[in-house]
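Down below is the structure, laid out as structure tokens.
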Amino acid sequence: MNDDARPAPEPRDLSPHDGSADEAGRQDPSRRSVLWTTAGVAGAGLGLGALGGGTASASGPVAPEAVAAAPARQGRTMVGVPFERRSTVRVGIIGLGNRGDSMIDLFLALPGVQVKAVCDTVRDKAEKAAKKVTAAGQPAPAIYAKDEHDYENLCKRGDIDFVYVVTPWELHFPMARTAMLNGKHVGVECPIAMRLDELWQLVDLSERTRRHCMQLENCCYGKNEMRVLRMAHAGLFGELQHGAGAYNHDLRELMFDPDYYEGPWRRLWHTRLRGDLYPNHGFGPVANYMDVNRGDRVVSISSVGTTPLGLAAYREEHMPAGDPSWKESYIGADRTISLVQTAKGRVIRLEHDVSSPHPYSRINSLGGTKGVFEDYPERIYLEPTNTDHQWDDFAKYAEWDHWLWKEHANPPGGHGGMDYIMVFRLMQCMRLGLVPDFDVYDAAVWTAPVPLSHLSIKAKGAPLPIPDFTRGEWKKARPGTDSEKPAG
């Protein structure tokens, strides 16, 4: 998850991931400018005017029917498709910056998992990762550090089952695509892509290649999130009505720190898009509570954003004259607020703010006809237990903890242990031949607010449809992260 892995007083106050190793900057953004505009869906022009204010569309106002249009299916659905059972999962890791360097430790901590290859354009980072592999008692992994395209050679290997992509955002789509085209299952840090047409391409590729493409959203495995999930599915909140999730985390210092991000890649996104750049941490858990893609689906999004003042103000106060950042013009809203509606009439509020002073919060709220939970700080109010209009202690509901947290009470790794729980469960599903807890359709839905919030803000908050990436499969109830403990 996160490139924001500096220590904090409490694990739950750590920033969940950026999905971005800090190896960016080595990729000249101008050479990948095609990744910073949305191309048409089903032939419709949906440009984001990424290098400035631009217009909401390359050819005029955004056509909602164009956004909602689904390309013809090219393969069979991946809903309910299990992994192939295997005794050992062979892993290749692309990206060994802040996030990748910490996550490799978790893969190495698991039985039945081998790290066969590592890749980073900074050879020192790849070699450091390789030493971790041999120190864990595994054979030395192959190193791919020749150039920015060497990841393609990693994906071509015949001894890799799963590719883990943990690089700057603009590289997520081409790397996931390459992995699947070479017959590999792939897990990608957030967000999985930056364009609507890229999301459809990943869906289609997953269906055509029969390889799973997953958003590795660790917040879905947080202890509180999994407890609320089980309580919601048990009916303790009654009929679910509303939820909220966010990524409100002051990243100004880190985004201007040349030693933290290797290059300004993350800050530069604030010069290109106005909307919610990082919806997944808040959206994923709430979507799970409401069984999105498993009996309900999100149908529309309406977004508004504040003026973009925070990064410029920070630069004015902290950056010396002549710093390259003075050439940047920021258009990304300091705070983006989106309202998402579902087919069942529920409402999800999403927030994003990394440019202004704010204690870390994912909000993580869920309400229904019998009560409500709110996080940061955690508190709950459920009838008939609570009738005095006073918040209750969420710790009283520990009996509802997910079996993963009961089995791993003190997991290693960052972010309070959710990283380990996520990797453990994914590798368990692969070894036992189980259906993954989430799939390419979830990845597409959780990331769709990136391009759509930008377009909605530019259209002064106009609601835009969210495509049905499942092409109708959402109507079927099915398991998700609220899994049963496997027998094996």
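Ordered as shown in the structure tokens, chains take letters A, B, and onward, while each chain numbers its residues from 1 and ligands are numbered from 1 in the order shown.
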According to DSSP computed on the backbone, where in range 329-441 of chain A is there strand (DSSP E)? Give the residues as an mmCIF file with N, CA, C and O atoms, in the first residue's frame.
```cif
data_model
loop_
_atom_site.group_PDB
_atom_site.id
_atom_site.type_symbol
_atom_site.label_atom_id
_atom_site.label_comp_id
_atom_site.auth_asym_id
_atom_site.auth_seq_id
_atom_site.Cartn_x
_atom_site.Cartn_y
_atom_site.Cartn_z
ATOM 1 N N THR A 336 -11.570 17.021 -2.436
ATOM 2 C CA THR A 336 -12.602 16.542 -3.350
ATOM 3 C C THR A 336 -13.639 15.779 -2.552
ATOM 4 O O THR A 336 -13.284 14.949 -1.703
ATOM 5 N N ILE A 337 -14.895 16.046 -2.810
ATOM 6 C CA ILE A 337 -16.001 15.326 -2.165
ATOM 7 C C ILE A 337 -16.898 14.760 -3.262
ATOM 8 O O ILE A 337 -17.346 15.492 -4.149
ATOM 9 N N SER A 338 -17.119 13.469 -3.212
ATOM 10 C CA SER A 338 -17.938 12.797 -4.216
ATOM 11 C C SER A 338 -19.086 12.058 -3.542
ATOM 12 O O SER A 338 -18.910 11.471 -2.468
ATOM 13 N N LEU A 339 -20.236 12.079 -4.185
ATOM 14 C CA LEU A 339 -21.380 11.284 -3.751
ATOM 15 C C LEU A 339 -21.638 10.206 -4.793
ATOM 16 O O LEU A 339 -21.828 10.508 -5.979
ATOM 17 N N VAL A 340 -21.609 8.960 -4.338
ATOM 18 C CA VAL A 340 -21.815 7.805 -5.201
ATOM 19 C C VAL A 340 -23.134 7.157 -4.809
ATOM 20 O O VAL A 340 -23.392 6.930 -3.626
ATOM 21 N N GLN A 341 -23.966 6.866 -5.791
ATOM 22 C CA GLN A 341 -25.232 6.194 -5.519
ATOM 23 C C GLN A 341 -25.191 4.772 -6.058
ATOM 24 O O GLN A 341 -24.509 4.475 -7.043
ATOM 25 N N THR A 342 -25.941 3.892 -5.392
ATOM 26 C CA THR A 342 -25.993 2.497 -5.802
ATOM 27 C C THR A 342 -27.365 2.160 -6.373
ATOM 28 O O THR A 342 -28.331 2.906 -6.225
ATOM 29 N N VAL A 347 -26.140 5.544 -0.534
ATOM 30 C CA VAL A 347 -25.262 6.658 -0.853
ATOM 31 C C VAL A 347 -23.913 6.447 -0.174
ATOM 32 O O VAL A 347 -23.850 6.114 1.015
ATOM 33 N N ILE A 348 -22.838 6.646 -0.937
ATOM 34 C CA ILE A 348 -21.471 6.563 -0.415
ATOM 35 C C ILE A 348 -20.799 7.914 -0.636
ATOM 36 O O ILE A 348 -20.807 8.435 -1.749
ATOM 37 N N ARG A 349 -20.240 8.463 0.439
ATOM 38 C CA ARG A 349 -19.492 9.720 0.334
ATOM 39 C C ARG A 349 -18.001 9.422 0.328
ATOM 40 O O ARG A 349 -17.503 8.711 1.196
ATOM 41 N N LEU A 350 -17.290 9.960 -0.663
ATOM 42 C CA LEU A 350 -15.846 9.794 -0.757
ATOM 43 C C LEU A 350 -15.175 11.151 -0.619
ATOM 44 O O LEU A 350 -15.667 12.147 -1.153
ATOM 45 N N GLU A 351 -14.044 11.190 0.087
ATOM 46 C CA GLU A 351 -13.269 12.419 0.220
ATOM 47 C C GLU A 351 -11.802 12.143 -0.092
ATOM 48 O O GLU A 351 -11.307 11.038 0.152
ATOM 49 N N HIS A 352 -11.132 13.171 -0.611
ATOM 50 C CA HIS A 352 -9.699 13.078 -0.873
ATOM 51 C C HIS A 352 -9.067 14.424 -0.568
ATOM 52 O O HIS A 352 -9.516 15.459 -1.056
ATOM 53 N N ASP A 353 -8.041 14.413 0.284
ATOM 54 C CA ASP A 353 -7.346 15.652 0.644
ATOM 55 C C ASP A 353 -5.953 15.295 1.125
ATOM 56 O O ASP A 353 -5.774 14.750 2.213
ATOM 57 N N SER A 365 -17.099 4.959 7.604
ATOM 58 C CA SER A 365 -18.388 5.044 8.283
ATOM 59 C C SER A 365 -19.418 4.183 7.567
ATOM 60 O O SER A 365 -19.377 4.032 6.343
ATOM 61 N N LEU A 366 -20.332 3.621 8.348
ATOM 62 C CA LEU A 366 -21.424 2.834 7.783
ATOM 63 C C LEU A 366 -22.673 3.043 8.619
ATOM 64 O O LEU A 366 -22.625 2.970 9.851
ATOM 65 N N GLY A 367 -23.800 3.316 7.952
ATOM 66 C CA GLY A 367 -25.058 3.514 8.660
ATOM 67 C C GLY A 367 -26.185 2.729 8.038
ATOM 68 O O GLY A 367 -26.232 2.508 6.826
ATOM 69 N N GLY A 368 -27.109 2.295 8.883
ATOM 70 C CA GLY A 368 -28.290 1.567 8.423
ATOM 71 C C GLY A 368 -29.486 1.897 9.287
ATOM 72 O O GLY A 368 -29.447 2.819 10.109
ATOM 73 N N GLY A 371 -28.538 1.521 13.123
ATOM 74 C CA GLY A 371 -27.440 2.185 13.793
ATOM 75 C C GLY A 371 -26.333 2.574 12.839
ATOM 76 O O GLY A 371 -26.459 2.470 11.615
ATOM 77 N N VAL A 372 -25.195 2.993 13.447
ATOM 78 C CA VAL A 372 -24.112 3.552 12.658
ATOM 79 C C VAL A 372 -22.767 3.285 13.326
ATOM 80 O O VAL A 372 -22.678 3.212 14.561
ATOM 81 N N PHE A 373 -21.733 3.123 12.502
ATOM 82 C CA PHE A 373 -20.352 3.043 12.969
ATOM 83 C C PHE A 373 -19.578 4.180 12.329
ATOM 84 O O PHE A 373 -19.783 4.505 11.154
ATOM 85 N N GLU A 374 -18.677 4.781 13.094
ATOM 86 C CA GLU A 374 -17.767 5.785 12.558
ATOM 87 C C GLU A 374 -16.378 5.542 13.127
ATOM 88 O O GLU A 374 -16.234 5.250 14.312
ATOM 89 N N ARG A 379 -16.136 4.371 16.979
ATOM 90 C CA ARG A 379 -17.279 4.470 17.880
ATOM 91 C C ARG A 379 -18.497 3.895 17.167
ATOM 92 O O ARG A 379 -18.533 3.824 15.941
ATOM 93 N N ILE A 380 -19.494 3.485 17.960
ATOM 94 C CA ILE A 380 -20.633 2.792 17.370
ATOM 95 C C ILE A 380 -21.902 3.135 18.146
ATOM 96 O O ILE A 380 -21.860 3.482 19.342
ATOM 97 N N TYR A 381 -23.012 3.040 17.451
ATOM 98 C CA TYR A 381 -24.330 3.258 18.077
ATOM 99 C C TYR A 381 -25.310 2.317 17.388
ATOM 100 O O TYR A 381 -25.617 2.485 16.206
ATOM 101 N N LEU A 382 -25.775 1.288 18.125
ATOM 102 C CA LEU A 382 -26.684 0.296 17.569
ATOM 103 C C LEU A 382 -27.895 0.110 18.467
ATOM 104 O O LEU A 382 -27.774 -0.098 19.682
#
```
Rows by chain and residue number, range 261-336 of chain A within 12 Å of range 417-441 of chain A, shortest pair, only C-alpha atoms, as JSON lines:
```
{"residue": "A:Gly284", "atom": "CA", "partner": "A:Phe438", "partner_atom": "CA", "distance": 9.9}
{"residue": "A:Pro285", "atom": "CA", "partner": "A:Phe438", "partner_atom": "CA", "distance": 11.4}
{"residue": "A:Ala287", "atom": "CA", "partner": "A:Phe438", "partner_atom": "CA", "distance": 11.1}
{"residue": "A:Asn288", "atom": "CA", "partner": "A:Phe438", "partner_atom": "CA", "distance": 9.4}
{"residue": "A:Asp291", "atom": "CA", "partner": "A:Phe438", "partner_atom": "CA", "distance": 11.1}
{"residue": "A:Val292", "atom": "CA", "partner": "A:Tyr441", "partner_atom": "CA", "distance": 9.9}
{"residue": "A:Asn293", "atom": "CA", "partner": "A:Tyr441", "partner_atom": "CA", "distance": 7.5}
{"residue": "A:Arg294", "atom": "CA", "partner": "A:Phe438", "partner_atom": "CA", "distance": 10.4}
{"residue": "A:Arg297", "atom": "CA", "partner": "A:Tyr441", "partner_atom": "CA", "distance": 10.8}
{"residue": "A:Val298", "atom": "CA", "partner": "A:Tyr441", "partner_atom": "CA", "distance": 11.7}
```
Could you write out that same residue set with C-alpha atoms as a PDB file, in the first residue's frame?
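And here is the file that came out, out_30.pdb:
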```pdb
ATOM      1  CA  GLY A 284     -13.063  -0.473  -1.159  1.00  0.00           C
ATOM      2  CA  PRO A 285     -14.174  -1.218   2.411  1.00  0.00           C
ATOM      3  CA  ALA A 287     -18.185  -1.194  -1.254  1.00  0.00           C
ATOM      4  CA  ASN A 288     -17.551  -4.480   0.554  1.00  0.00           C
ATOM      5  CA  ASP A 291     -21.876  -6.016  -1.449  1.00  0.00           C
ATOM      6  CA  VAL A 292     -21.076  -3.883  -4.480  1.00  0.00           C
ATOM      7  CA  ASN A 293     -20.697  -6.217  -7.478  1.00  0.00           C
ATOM      8  CA  ARG A 294     -22.286  -8.927  -5.318  1.00  0.00           C
ATOM      9  CA  ARG A 297     -23.703  -1.916  -7.866  1.00  0.00           C
ATOM     10  CA  VAL A 298     -22.625   1.720  -7.968  1.00  0.00           C
TER      11      VAL A 298
END
```
Subject >> Picked from range 104-283 of chain A by DSSP as alpha helix (DSSP H), as a ChimeraX atom specification >> reply: /A:104-108,123-135,151-156,172-181,196-209,223-233,252-255,265-268,280-283
Original post:
Quick one: of A:Asn280, A:Lys223, A:Asp197, A:Ala136, who's nearest to Lys406 in chain A, counting only C-alpha atoms?
Top reply: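 Ranked by minimum distance to Lys406 in chain A, first place goes to A:Lys223.
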Subject >> Among the residues A:Thr178, A:Asn386, A:Ser329, A:Thr134, the one that comes closest to Ile94 in chain A [using only C-alpha atoms] >> reply: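 Comparing A:Thr178, A:Asn386, A:Ser329, A:Thr134 against Ile94 in chain A, the winner is A:Thr178.
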Original post:
Counting only C-alpha atoms, what is within 8 Å of range 147-154 of chain A, bar same-chain residues fewer than 2 positions away, as a PyMOL selection string?
Top reply: chain A and resi 27+92+94+117-121+144-145+156-157+175+178-179
Original post:
Counting only C-alpha atoms, which of A:Cys213, A:Ala313, A:Ile331, A:Val122 gets nearest to Pro357 in chain A?
Top reply: A:Ala313
Subject >> Near-Glu383 in chain A list (10 Å; only C-alpha atoms; drop same-chain fewer than 5 positions) as a PyMOL selection string >> reply: chain A and resi 236-238+369-372+388
Go through range 259-290 of chain A and flag each residue having an atom no more than 10 Å from range 449-469 of chain A; for those, report the closest pair of atoms plus their distance in Å to one decimal, using only C-alpha atoms, ordered by chain and rising number, as CSV.
```
residue,atom,partner,partner_atom,distance
A:Arg272,CA,A:His454,CA,9.6
A:Leu273,CA,A:His454,CA,6.1
A:Arg274,CA,A:His454,CA,5.1
A:Gly275,CA,A:His454,CA,4.0
A:Asp276,CA,A:Val450,CA,5.3
A:Leu277,CA,A:Val450,CA,5.2
A:Tyr278,CA,A:Val450,CA,6.9
A:Pro279,CA,A:Pro449,CA,6.6
A:Asn280,CA,A:Pro449,CA,8.8
A:Phe283,CA,A:Pro449,CA,9.3
```
**OP:** Show which residues sit within 9 Å of Val89 in chain A, as a PyMOL selection string. Count only C-alpha atoms, and ignore same-chain residues fewer than 6 positions away.
**Re:** chain A and resi 112-115+160-162+427+430-431
Could you please take those selected residues and save C-alpha atoms as a compact mmCIF listing (two decimals), in the first residue's frame?
```txt
# COMPACT_ATOMS: atom_id res chain seq x y z
CA GLY A 112 4.81 -21.86 0.29
CA VAL A 113 5.87 -18.58 -1.33
CA GLN A 114 9.06 -18.00 -3.32
CA VAL A 115 10.29 -14.69 -4.71
CA ILE A 160 6.39 -16.98 -12.10
CA ASP A 161 2.73 -17.39 -11.10
CA PHE A 162 2.00 -13.95 -9.67
CA MET A 427 -1.26 -16.38 -1.13
CA MET A 430 -3.53 -19.18 -4.66
CA ARG A 431 -2.07 -22.16 -2.85
```
**OP:** Do a neighbour search on Phe173 in chain A at 8 Å with only C-alpha atoms, toss out local chain neighbours closer than 5 positions, and write the hits as an MDAnalysis selection string.
**Re:** chainID A and resid 192:194 198 202
